[in-house]
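Asks: If it helps, the file is called protein29.pdb and holds PDB, C-alpha atoms and all ligand atoms:
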ATOM      1  CA  MET J 391      21.500 -16.585  16.630  1.00  0.00           C
ATOM      2  CA  LEU J 392      18.651 -15.546  14.353  1.00  0.00           C
ATOM      3  CA  ASN J 393      15.044 -15.742  15.499  1.00  0.00           C
ATOM      4  CA  GLU J 394      13.173 -18.890  14.363  1.00  0.00           C
ATOM      5  CA  LYS J 395      10.435 -16.984  12.538  1.00  0.00           C
ATOM      6  CA  VAL J 396      13.013 -14.822  10.751  1.00  0.00           C
ATOM      7  CA  ILE J 397      14.943 -17.947   9.742  1.00  0.00           C
ATOM      8  CA  GLU J 398      11.769 -19.589   8.418  1.00  0.00           C
ATOM      9  CA  LEU J 399      10.909 -16.555   6.285  1.00  0.00           C
ATOM     10  CA  LEU J 400      14.472 -16.126   4.978  1.00  0.00           C
ATOM     11  CA  ASN J 401      14.603 -19.810   4.054  1.00  0.00           C
ATOM     12  CA  ALA J 402      11.222 -19.589   2.327  1.00  0.00           C
ATOM     13  CA  GLN J 403      12.508 -16.591   0.367  1.00  0.00           C
ATOM     14  CA  VAL J 404      15.249 -18.769  -1.170  1.00  0.00           C
ATOM     15  CA  ASN J 405      12.493 -20.797  -2.813  1.00  0.00           C
ATOM     16  CA  LYS J 406      10.547 -17.685  -3.859  1.00  0.00           C
ATOM     17  CA  GLU J 407      13.604 -16.236  -5.575  1.00  0.00           C
ATOM     18  CA  PHE J 408      14.291 -19.471  -7.448  1.00  0.00           C
ATOM     19  CA  TYR J 409      10.615 -19.538  -8.435  1.00  0.00           C
ATOM     20  CA  SER J 410      11.018 -15.975  -9.759  1.00  0.00           C
ATOM     21  CA  ALA J 411      13.955 -17.153 -11.882  1.00  0.00           C
ATOM     22  CA  TYR J 412      11.818 -19.989 -13.193  1.00  0.00           C
ATOM     23  CA  LEU J 413       8.896 -17.664 -13.951  1.00  0.00           C
ATOM     24  CA  TYR J 414      11.146 -15.283 -15.878  1.00  0.00           C
ATOM     25  CA  LEU J 415      12.575 -18.178 -17.859  1.00  0.00           C
ATOM     26  CA  GLN J 416       9.000 -19.026 -18.802  1.00  0.00           C
ATOM     27  CA  PHE J 417       8.614 -15.436 -20.045  1.00  0.00           C
ATOM     28  CA  ALA J 418      11.920 -15.680 -21.967  1.00  0.00           C
ATOM     29  CA  ASN J 419      10.781 -18.927 -23.592  1.00  0.00           C
ATOM     30  CA  PHE J 420       7.473 -17.340 -24.576  1.00  0.00           C
ATOM     31  CA  TYR J 421       9.279 -14.476 -26.311  1.00  0.00           C
ATOM     32  CA  VAL J 422      11.643 -16.889 -28.087  1.00  0.00           C
ATOM     33  CA  ASP J 423       8.530 -18.555 -29.513  1.00  0.00           C
ATOM     34  CA  GLN J 424       7.249 -15.138 -30.652  1.00  0.00           C
ATOM     35  CA  GLY J 425      10.541 -14.349 -32.423  1.00  0.00           C
ATOM     36  CA  LEU J 426      11.311 -11.511 -29.991  1.00  0.00           C
ATOM     37  CA  SER J 427      14.873 -12.337 -28.976  1.00  0.00           C
ATOM     38  CA  GLY J 428      15.449  -8.976 -27.277  1.00  0.00           C
ATOM     39  CA  PHE J 429      12.546  -9.465 -24.860  1.00  0.00           C
ATOM     40  CA  ALA J 430      13.787 -13.029 -24.317  1.00  0.00           C
ATOM     41  CA  ASN J 431      17.253 -11.693 -23.511  1.00  0.00           C
ATOM     42  CA  TRP J 432      15.835  -9.209 -21.030  1.00  0.00           C
ATOM     43  CA  TYR J 433      13.989 -11.929 -19.123  1.00  0.00           C
ATOM     44  CA  LYS J 434      16.870 -14.406 -19.263  1.00  0.00           C
ATOM     45  CA  ILE J 435      19.011 -11.799 -17.521  1.00  0.00           C
ATOM     46  CA  GLN J 436      16.180 -11.153 -15.104  1.00  0.00           C
ATOM     47  CA  ALA J 437      16.168 -14.882 -14.310  1.00  0.00           C
ATOM     48  CA  GLN J 438      19.923 -14.742 -13.621  1.00  0.00           C
ATOM     49  CA  GLU J 439      19.334 -11.861 -11.204  1.00  0.00           C
ATOM     50  CA  GLU J 440      16.691 -13.858  -9.369  1.00  0.00           C
ATOM     51  CA  ARG J 441      19.051 -16.809  -9.022  1.00  0.00           C
ATOM     52  CA  ASP J 442      21.590 -14.346  -7.577  1.00  0.00           C
ATOM     53  CA  HIS J 443      18.981 -13.171  -5.071  1.00  0.00           C
ATOM     54  CA  ALA J 444      18.379 -16.777  -3.981  1.00  0.00           C
ATOM     55  CA  LEU J 445      22.120 -17.296  -3.532  1.00  0.00           C
ATOM     56  CA  LEU J 446      22.356 -14.132  -1.439  1.00  0.00           C
ATOM     57  CA  PHE J 447      19.646 -15.393   0.930  1.00  0.00           C
ATOM     58  CA  ILE J 448      21.475 -18.733   1.197  1.00  0.00           C
ATOM     59  CA  GLN J 449      24.775 -16.984   1.886  1.00  0.00           C
ATOM     60  CA  TYR J 450      23.223 -14.743   4.532  1.00  0.00           C
ATOM     61  CA  LEU J 451      21.700 -17.729   6.340  1.00  0.00           C
ATOM     62  CA  GLN J 452      24.978 -19.639   6.176  1.00  0.00           C
ATOM     63  CA  ASN J 453      26.912 -16.614   7.418  1.00  0.00           C
ATOM     64  CA  ASN J 454      24.661 -16.862  10.455  1.00  0.00           C
ATOM     65  CA  ASP J 455      25.276 -20.600  10.936  1.00  0.00           C
ATOM     66  CA  VAL J 456      21.833 -21.596   9.711  1.00  0.00           C
ATOM     67  CA  SER J 457      21.455 -24.832   7.761  1.00  0.00           C
ATOM     68  CA  VAL J 458      19.496 -24.105   4.570  1.00  0.00           C
ATOM     69  CA  THR J 459      16.644 -26.325   3.383  1.00  0.00           C
ATOM     70  CA  LEU J 460      15.893 -26.409  -0.348  1.00  0.00           C
ATOM     71  CA  GLU J 461      12.275 -27.158  -1.254  1.00  0.00           C
ATOM     72  CA  ALA J 462      10.735 -28.120  -4.619  1.00  0.00           C
ATOM     73  CA  ILE J 463      10.203 -25.207  -7.008  1.00  0.00           C
ATOM     74  CA  ASP J 464       6.651 -24.835  -8.363  1.00  0.00           C
ATOM     75  CA  LYS J 465       5.946 -24.977 -12.085  1.00  0.00           C
ATOM     76  CA  PRO J 466       5.607 -21.397 -13.448  1.00  0.00           C
ATOM     77  CA  ASP J 467       1.896 -20.783 -13.796  1.00  0.00           C
ATOM     78  CA  ALA J 468       1.577 -17.558 -15.823  1.00  0.00           C
ATOM     79  CA  VAL J 469      -0.954 -17.700 -18.670  1.00  0.00           C
ATOM     80  CA  LEU J 470       0.767 -15.998 -21.617  1.00  0.00           C
ATOM     81  CA  GLN J 471      -1.245 -15.251 -24.735  1.00  0.00           C
ATOM     82  CA  ASN J 472       0.100 -11.987 -26.094  1.00  0.00           C
ATOM     83  CA  ASN J 473       3.265  -9.887 -25.898  1.00  0.00           C
ATOM     84  CA  MET J 474       1.898  -7.747 -23.074  1.00  0.00           C
ATOM     85  CA  ASP J 475       0.984 -10.662 -20.774  1.00  0.00           C
ATOM     86  CA  PRO J 476       4.505 -11.385 -19.438  1.00  0.00           C
ATOM     87  CA  LEU J 477       5.082  -7.690 -18.737  1.00  0.00           C
ATOM     88  CA  LYS J 478       1.895  -7.365 -16.681  1.00  0.00           C
ATOM     89  CA  ALA J 479       2.497 -10.686 -14.923  1.00  0.00           C
ATOM     90  CA  GLY J 480       6.056  -9.507 -14.182  1.00  0.00           C
ATOM     91  CA  LEU J 481       4.903  -6.323 -12.489  1.00  0.00           C
ATOM     92  CA  LYS J 482       2.315  -8.199 -10.440  1.00  0.00           C
ATOM     93  CA  HIS J 483       4.939 -10.736  -9.415  1.00  0.00           C
ATOM     94  CA  GLU J 484       7.445  -8.073  -8.350  1.00  0.00           C
ATOM     95  CA  GLN J 485       4.761  -6.364  -6.254  1.00  0.00           C
ATOM     96  CA  TYR J 486       4.169  -9.725  -4.570  1.00  0.00           C
ATOM     97  CA  VAL J 487       7.909 -10.208  -3.946  1.00  0.00           C
ATOM     98  CA  THR J 488       8.081  -6.716  -2.441  1.00  0.00           C
ATOM     99  CA  SER J 489       5.338  -7.729  -0.003  1.00  0.00           C
ATOM    100  CA  LEU J 490       7.357 -10.843   0.944  1.00  0.00           C
ATOM    101  CA  ILE J 491      10.485  -8.795   1.623  1.00  0.00           C
ATOM    102  CA  HIS J 492       8.446  -6.398   3.744  1.00  0.00           C
ATOM    103  CA  THR J 493       7.029  -9.315   5.734  1.00  0.00           C
ATOM    104  CA  ILE J 494      10.546 -10.547   6.541  1.00  0.00           C
ATOM    105  CA  TYR J 495      11.562  -7.006   7.439  1.00  0.00           C
ATOM    106  CA  ASP J 496       8.560  -6.759   9.777  1.00  0.00           C
ATOM    107  CA  ALA J 497       9.535 -10.004  11.516  1.00  0.00           C
ATOM    108  CA  ALA J 498      13.146  -8.826  11.932  1.00  0.00           C
ATOM    109  CA  TYR J 499      11.989  -5.436  13.211  1.00  0.00           C
ATOM    110  CA  ALA J 500       9.712  -7.104  15.783  1.00  0.00           C
ATOM    111  CA  VAL J 501      12.685  -8.878  17.404  1.00  0.00           C
ATOM    112  CA  LYS J 502      15.164  -5.990  16.937  1.00  0.00           C
ATOM    113  CA  ASP J 503      17.222  -8.041  14.488  1.00  0.00           C
ATOM    114  CA  PHE J 504      19.149  -5.096  13.092  1.00  0.00           C
ATOM    115  CA  ARG J 505      21.565  -7.307  11.170  1.00  0.00           C
ATOM    116  CA  THR J 506      18.792  -8.858   9.105  1.00  0.00           C
ATOM    117  CA  MET J 507      17.166  -5.465   8.612  1.00  0.00           C
ATOM    118  CA  GLN J 508      20.443  -4.132   7.225  1.00  0.00           C
ATOM    119  CA  PHE J 509      20.770  -7.158   4.925  1.00  0.00           C
ATOM    120  CA  LEU J 510      17.212  -6.608   3.686  1.00  0.00           C
ATOM    121  CA  ASP J 511      17.751  -2.890   3.025  1.00  0.00           C
ATOM    122  CA  TRP J 512      19.448  -3.817  -0.265  1.00  0.00           C
ATOM    123  CA  PHE J 513      16.407  -5.880  -1.275  1.00  0.00           C
ATOM    124  CA  VAL J 514      13.967  -3.116  -0.350  1.00  0.00           C
ATOM    125  CA  LYS J 515      15.835  -0.811  -2.751  1.00  0.00           C
ATOM    126  CA  GLU J 516      16.160  -3.539  -5.380  1.00  0.00           C
ATOM    127  CA  GLN J 517      12.407  -4.191  -5.279  1.00  0.00           C
ATOM    128  CA  GLY J 518      11.729  -0.495  -5.872  1.00  0.00           C
ATOM    129  CA  GLU J 519      13.958  -0.632  -8.961  1.00  0.00           C
ATOM    130  CA  GLU J 520      12.400  -3.864 -10.221  1.00  0.00           C
ATOM    131  CA  GLU J 521       8.869  -2.510  -9.920  1.00  0.00           C
ATOM    132  CA  THR J 522       9.927   0.643 -11.779  1.00  0.00           C
ATOM    133  CA  ASN J 523      11.583  -1.416 -14.536  1.00  0.00           C
ATOM    134  CA  ALA J 524       8.498  -3.607 -14.856  1.00  0.00           C
ATOM    135  CA  SER J 525       6.084  -0.687 -15.125  1.00  0.00           C
ATOM    136  CA  ASP J 526       8.397   1.162 -17.547  1.00  0.00           C
ATOM    137  CA  LEU J 527       8.312  -1.881 -19.833  1.00  0.00           C
ATOM    138  CA  ILE J 528       4.502  -1.863 -19.780  1.00  0.00           C
ATOM    139  CA  LYS J 529       4.434   1.850 -20.667  1.00  0.00           C
ATOM    140  CA  LYS J 530       6.859   1.325 -23.565  1.00  0.00           C
ATOM    141  CA  MET J 531       4.832  -1.606 -24.859  1.00  0.00           C
ATOM    142  CA  GLU J 532       1.640   0.448 -24.662  1.00  0.00           C
ATOM    143  CA  LEU J 533       3.295   3.249 -26.603  1.00  0.00           C
ATOM    144  CA  PHE J 534       5.174   1.278 -29.265  1.00  0.00           C
ATOM    145  CA  GLY J 535       4.067  -2.365 -29.138  1.00  0.00           C
ATOM    146  CA  SER J 536       1.168  -2.147 -31.588  1.00  0.00           C
ATOM    147  CA  ASP J 537       3.381  -0.788 -34.365  1.00  0.00           C
ATOM    148  CA  PRO J 538       5.673  -3.439 -35.990  1.00  0.00           C
ATOM    149  CA  LYS J 539       8.538  -0.972 -36.390  1.00  0.00           C
ATOM    150  CA  GLY J 540       8.114   0.232 -32.807  1.00  0.00           C
ATOM    151  CA  LEU J 541       8.049  -3.332 -31.522  1.00  0.00           C
ATOM    152  CA  TYR J 542      11.199  -4.121 -33.510  1.00  0.00           C
ATOM    153  CA  MET J 543      13.022  -1.128 -32.013  1.00  0.00           C
ATOM    154  CA  LEU J 544      11.891  -2.037 -28.519  1.00  0.00           C
ATOM    155  CA  ASP J 545      13.087  -5.599 -29.043  1.00  0.00           C
ATOM    156  CA  GLN J 546      16.463  -4.242 -30.187  1.00  0.00           C
ATOM    157  CA  GLU J 547      16.679  -2.077 -27.058  1.00  0.00           C
ATOM    158  CA  LEU J 548      15.906  -4.971 -24.703  1.00  0.00           C
ATOM    159  CA  GLY J 549      18.397  -7.141 -26.565  1.00  0.00           C
ATOM    160  CA  GLY J 550      21.113  -4.764 -25.399  1.00  0.00           C
ATOM    161  CA  ARG J 551      20.664  -5.572 -21.737  1.00  0.00           C
ATOM    162  CA  VAL J 552      23.750  -7.250 -20.256  1.00  0.00           C
ATOM    163  CA  TYR J 553      24.040  -9.225 -17.048  1.00  0.00           C
ATOM    164  CA  SER J 554      25.916  -7.754 -14.133  1.00  0.00           C
ATOM    165  CA  ALA J 555      26.473  -9.381 -10.755  1.00  0.00           C
ATOM    166  CA  PRO J 556      24.560  -7.952  -7.781  1.00  0.00           C
ATOM    167  CA  SER J 557      26.119  -4.983  -6.010  1.00  0.00           C
ATOM    168  CA  LEU J 558      25.536  -6.647  -2.634  1.00  0.00           C
ATOM    169  CA  VAL J 559      28.490  -8.719  -1.439  1.00  0.00           C
ATOM    170  CA  LEU J 560      28.204 -10.856   1.699  1.00  0.00           C
TER     171      LEU J 560
HETATM  172 FE1  LIG J 601      14.277 -11.112  -6.466  1.00  0.00          FE
HETATM  173 FE2  LIG J 601      12.660  -9.639  -8.764  1.00  0.00          FE
HETATM  174  O1  LIG J 601      13.080  -9.857  -6.953  1.00  0.00           O
END
Starting from the coordinates I provided, produce the structure as structure tokens.
Replies:
Amino acid sequence: MLNEKVIELLNAQVNKEFYSAYLYLQFANFYVDQGLSGFANWYKIQAQEERDHALLFIQYLQNNDVSVTLEAIDKPDAVLQNNMDPLKAGLKHEQYVTSLIHTIYDAAYAVKDFRTMQFLDWFVKEQGEEETNASDLIKKMELFGSDPKGLYMLDQELGGRVYSAPSLVL
């Protein structure tokens, strides 16, 4: 049986991951409006990954006989005015999500819940990759984004991203 605090945090994370998906759909919609379909593609796939994360938390709870509660998902609140805004908001959001994962890890560690710690190891690694991806995008935009040809090429590159299911199987 999982610890009550750990359960509460894992259940809350389901909502956070769905919110992340929603936020990234907001970014994708913004880029559609700007005519940047490659950036939109990149964030649509990112949204799919976040939905997968939510489903993994649900599956983990259910594998441990916990009944999952779904709460309302907040409206995405990012203020997007230029092509750089989603990228910076994305990095900030991933840093926040990393802090949430670490908080759950802390709670599991405190009660010697090694099973949950092992489950979360995948997310700790994933967060490292997501923060790197987010800051790489900012660097590329800083380098090439102010030149129309550079922006076009970058959009083409991001349009090539394809969805793949998470490597974690529960
Ligand atoms: Fe589910 Fe982007 O972390």
Asks: Written as a ChimeraX atom specification, which residues does the PyMOL selection byres (((chain J and resi 425-428) around 10) and not hetatm) give for the file shown?
Replies: /J:418-424,429-434,473,541-551
Asks: With C-alpha atoms retained, could you export that selection as an mmCIF file, in the frame of the given file?
Replies:
data_model
loop_
_atom_site.group_PDB
_atom_site.id
_atom_site.type_symbol
_atom_site.label_atom_id
_atom_site.label_comp_id
_atom_site.auth_asym_id
_atom_site.auth_seq_id
_atom_site.Cartn_x
_atom_site.Cartn_y
_atom_site.Cartn_z
ATOM 1 C CA ALA J 418 11.920 -15.680 -21.967
ATOM 2 C CA ASN J 419 10.781 -18.927 -23.592
ATOM 3 C CA PHE J 420 7.473 -17.340 -24.576
ATOM 4 C CA TYR J 421 9.279 -14.476 -26.311
ATOM 5 C CA VAL J 422 11.643 -16.889 -28.087
ATOM 6 C CA ASP J 423 8.530 -18.555 -29.513
ATOM 7 C CA GLN J 424 7.249 -15.138 -30.652
ATOM 8 C CA PHE J 429 12.546 -9.465 -24.860
ATOM 9 C CA ALA J 430 13.787 -13.029 -24.317
ATOM 10 C CA ASN J 431 17.253 -11.693 -23.511
ATOM 11 C CA TRP J 432 15.835 -9.209 -21.030
ATOM 12 C CA TYR J 433 13.989 -11.929 -19.123
ATOM 13 C CA LYS J 434 16.870 -14.406 -19.263
ATOM 14 C CA ASN J 473 3.265 -9.887 -25.898
ATOM 15 C CA LEU J 541 8.049 -3.332 -31.522
ATOM 16 C CA TYR J 542 11.199 -4.121 -33.510
ATOM 17 C CA MET J 543 13.022 -1.128 -32.013
ATOM 18 C CA LEU J 544 11.891 -2.037 -28.519
ATOM 19 C CA ASP J 545 13.087 -5.599 -29.043
ATOM 20 C CA GLN J 546 16.463 -4.242 -30.187
ATOM 21 C CA GLU J 547 16.679 -2.077 -27.058
ATOM 22 C CA LEU J 548 15.906 -4.971 -24.703
ATOM 23 C CA GLY J 549 18.397 -7.141 -26.565
ATOM 24 C CA GLY J 550 21.113 -4.764 -25.399
ATOM 25 C CA ARG J 551 20.664 -5.572 -21.737
#
Asks: Contacts of stretch 453-458 of chain J at 12 Å or less, counting only C-alpha atoms, minus same-chain residues fewer than 4 places along, as a PyMOL selection string?
Replies: chain J and resi 391-394+396-405+444-449+505-506+509+559-560
Asks: Selection from above, C-alpha atoms, as a PDB file, in the coordinates of the input, can you write it?
Replies:
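So again.pdb came out as:
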ATOM      1  CA  MET J 391      21.500 -16.585  16.630  1.00  0.00           C
ATOM      2  CA  LEU J 392      18.651 -15.546  14.353  1.00  0.00           C
ATOM      3  CA  ASN J 393      15.044 -15.742  15.499  1.00  0.00           C
ATOM      4  CA  GLU J 394      13.173 -18.890  14.363  1.00  0.00           C
ATOM      5  CA  VAL J 396      13.013 -14.822  10.751  1.00  0.00           C
ATOM      6  CA  ILE J 397      14.943 -17.947   9.742  1.00  0.00           C
ATOM      7  CA  GLU J 398      11.769 -19.589   8.418  1.00  0.00           C
ATOM      8  CA  LEU J 399      10.909 -16.555   6.285  1.00  0.00           C
ATOM      9  CA  LEU J 400      14.472 -16.126   4.978  1.00  0.00           C
ATOM     10  CA  ASN J 401      14.603 -19.810   4.054  1.00  0.00           C
ATOM     11  CA  ALA J 402      11.222 -19.589   2.327  1.00  0.00           C
ATOM     12  CA  GLN J 403      12.508 -16.591   0.367  1.00  0.00           C
ATOM     13  CA  VAL J 404      15.249 -18.769  -1.170  1.00  0.00           C
ATOM     14  CA  ASN J 405      12.493 -20.797  -2.813  1.00  0.00           C
ATOM     15  CA  ALA J 444      18.379 -16.777  -3.981  1.00  0.00           C
ATOM     16  CA  LEU J 445      22.120 -17.296  -3.532  1.00  0.00           C
ATOM     17  CA  LEU J 446      22.356 -14.132  -1.439  1.00  0.00           C
ATOM     18  CA  PHE J 447      19.646 -15.393   0.930  1.00  0.00           C
ATOM     19  CA  ILE J 448      21.475 -18.733   1.197  1.00  0.00           C
ATOM     20  CA  GLN J 449      24.775 -16.984   1.886  1.00  0.00           C
ATOM     21  CA  ARG J 505      21.565  -7.307  11.170  1.00  0.00           C
ATOM     22  CA  THR J 506      18.792  -8.858   9.105  1.00  0.00           C
ATOM     23  CA  PHE J 509      20.770  -7.158   4.925  1.00  0.00           C
ATOM     24  CA  VAL J 559      28.490  -8.719  -1.439  1.00  0.00           C
ATOM     25  CA  LEU J 560      28.204 -10.856   1.699  1.00  0.00           C
TER      26      LEU J 560
END
Asks: Atom CA of J:Ala555 and atom CA of J:Val469 are how many Å apart?
Replies: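 Straight-line distance from atom CA of J:Ala555 to atom CA of J:Val469 works out to 29.7 Å.
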Asks: Can you tell me which residues come within 12 Å of ligand LIG 601 (chain J) when counting only C-alpha atoms and all ligand atoms, ideally as an MDAnalysis selection string?
Replies: chainID J and resid 403:414 433 435:447 479:491 510 512:524 556
Asks: Take the residues that were just selected and, keeping C-alpha atoms, output them as a CSV table (one decimal), in the frame of the given file.
Replies:
chain,number,residue,atom,x,y,z
J,403,GLN,CA,12.5,-16.6,0.4
J,404,VAL,CA,15.2,-18.8,-1.2
J,405,ASN,CA,12.5,-20.8,-2.8
J,406,LYS,CA,10.5,-17.7,-3.9
J,407,GLU,CA,13.6,-16.2,-5.6
J,408,PHE,CA,14.3,-19.5,-7.4
J,409,TYR,CA,10.6,-19.5,-8.4
J,410,SER,CA,11.0,-16.0,-9.8
J,411,ALA,CA,14.0,-17.2,-11.9
J,412,TYR,CA,11.8,-20.0,-13.2
J,413,LEU,CA,8.9,-17.7,-14.0
J,414,TYR,CA,11.1,-15.3,-15.9
J,433,TYR,CA,14.0,-11.9,-19.1
J,435,ILE,CA,19.0,-11.8,-17.5
J,436,GLN,CA,16.2,-11.2,-15.1
J,437,ALA,CA,16.2,-14.9,-14.3
J,438,GLN,CA,19.9,-14.7,-13.6
J,439,GLU,CA,19.3,-11.9,-11.2
J,440,GLU,CA,16.7,-13.9,-9.4
J,441,ARG,CA,19.1,-16.8,-9.0
J,442,ASP,CA,21.6,-14.3,-7.6
J,443,HIS,CA,19.0,-13.2,-5.1
J,444,ALA,CA,18.4,-16.8,-4.0
J,445,LEU,CA,22.1,-17.3,-3.5
J,446,LEU,CA,22.4,-14.1,-1.4
J,447,PHE,CA,19.6,-15.4,0.9
J,479,ALA,CA,2.5,-10.7,-14.9
J,480,GLY,CA,6.1,-9.5,-14.2
J,481,LEU,CA,4.9,-6.3,-12.5
J,482,LYS,CA,2.3,-8.2,-10.4
J,483,HIS,CA,4.9,-10.7,-9.4
J,484,GLU,CA,7.4,-8.1,-8.4
J,485,GLN,CA,4.8,-6.4,-6.3
J,486,TYR,CA,4.2,-9.7,-4.6
J,487,VAL,CA,7.9,-10.2,-3.9
J,488,THR,CA,8.1,-6.7,-2.4
J,489,SER,CA,5.3,-7.7,0.0
J,490,LEU,CA,7.4,-10.8,0.9
J,491,ILE,CA,10.5,-8.8,1.6
J,510,LEU,CA,17.2,-6.6,3.7
J,512,TRP,CA,19.4,-3.8,-0.3
J,513,PHE,CA,16.4,-5.9,-1.3
J,514,VAL,CA,14.0,-3.1,-0.4
J,515,LYS,CA,15.8,-0.8,-2.8
J,516,GLU,CA,16.2,-3.5,-5.4
J,517,GLN,CA,12.4,-4.2,-5.3
J,518,GLY,CA,11.7,-0.5,-5.9
J,519,GLU,CA,14.0,-0.6,-9.0
J,520,GLU,CA,12.4,-3.9,-10.2
J,521,GLU,CA,8.9,-2.5,-9.9
J,522,THR,CA,9.9,0.6,-11.8
J,523,ASN,CA,11.6,-1.4,-14.5
J,524,ALA,CA,8.5,-3.6,-14.9
J,556,PRO,CA,24.6,-8.0,-7.8
Asks: Could you state the separation of atom CA of J:Gln416 and atom CA of J:Ala468 in Å, given to one decimal place?
Replies: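 Between atom CA of J:Gln416 and atom CA of J:Ala468 the gap is 8.1 Å.
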Asks: If you measure from atom CA of J:Phe534 to atom CA of J:Asn472, what distance in Å do you get, rounded to one decimal?
Replies: 14.6 Å
Asks: Find the residue from J:Ala497, J:Met474, J:Leu451, J:Ile463 that sits nearest to J:Ile528; use all atoms listed in the file when measuring.
Replies: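 Among J:Ala497, J:Met474, J:Leu451, J:Ile463, it is J:Met474 that comes nearest to J:Ile528.
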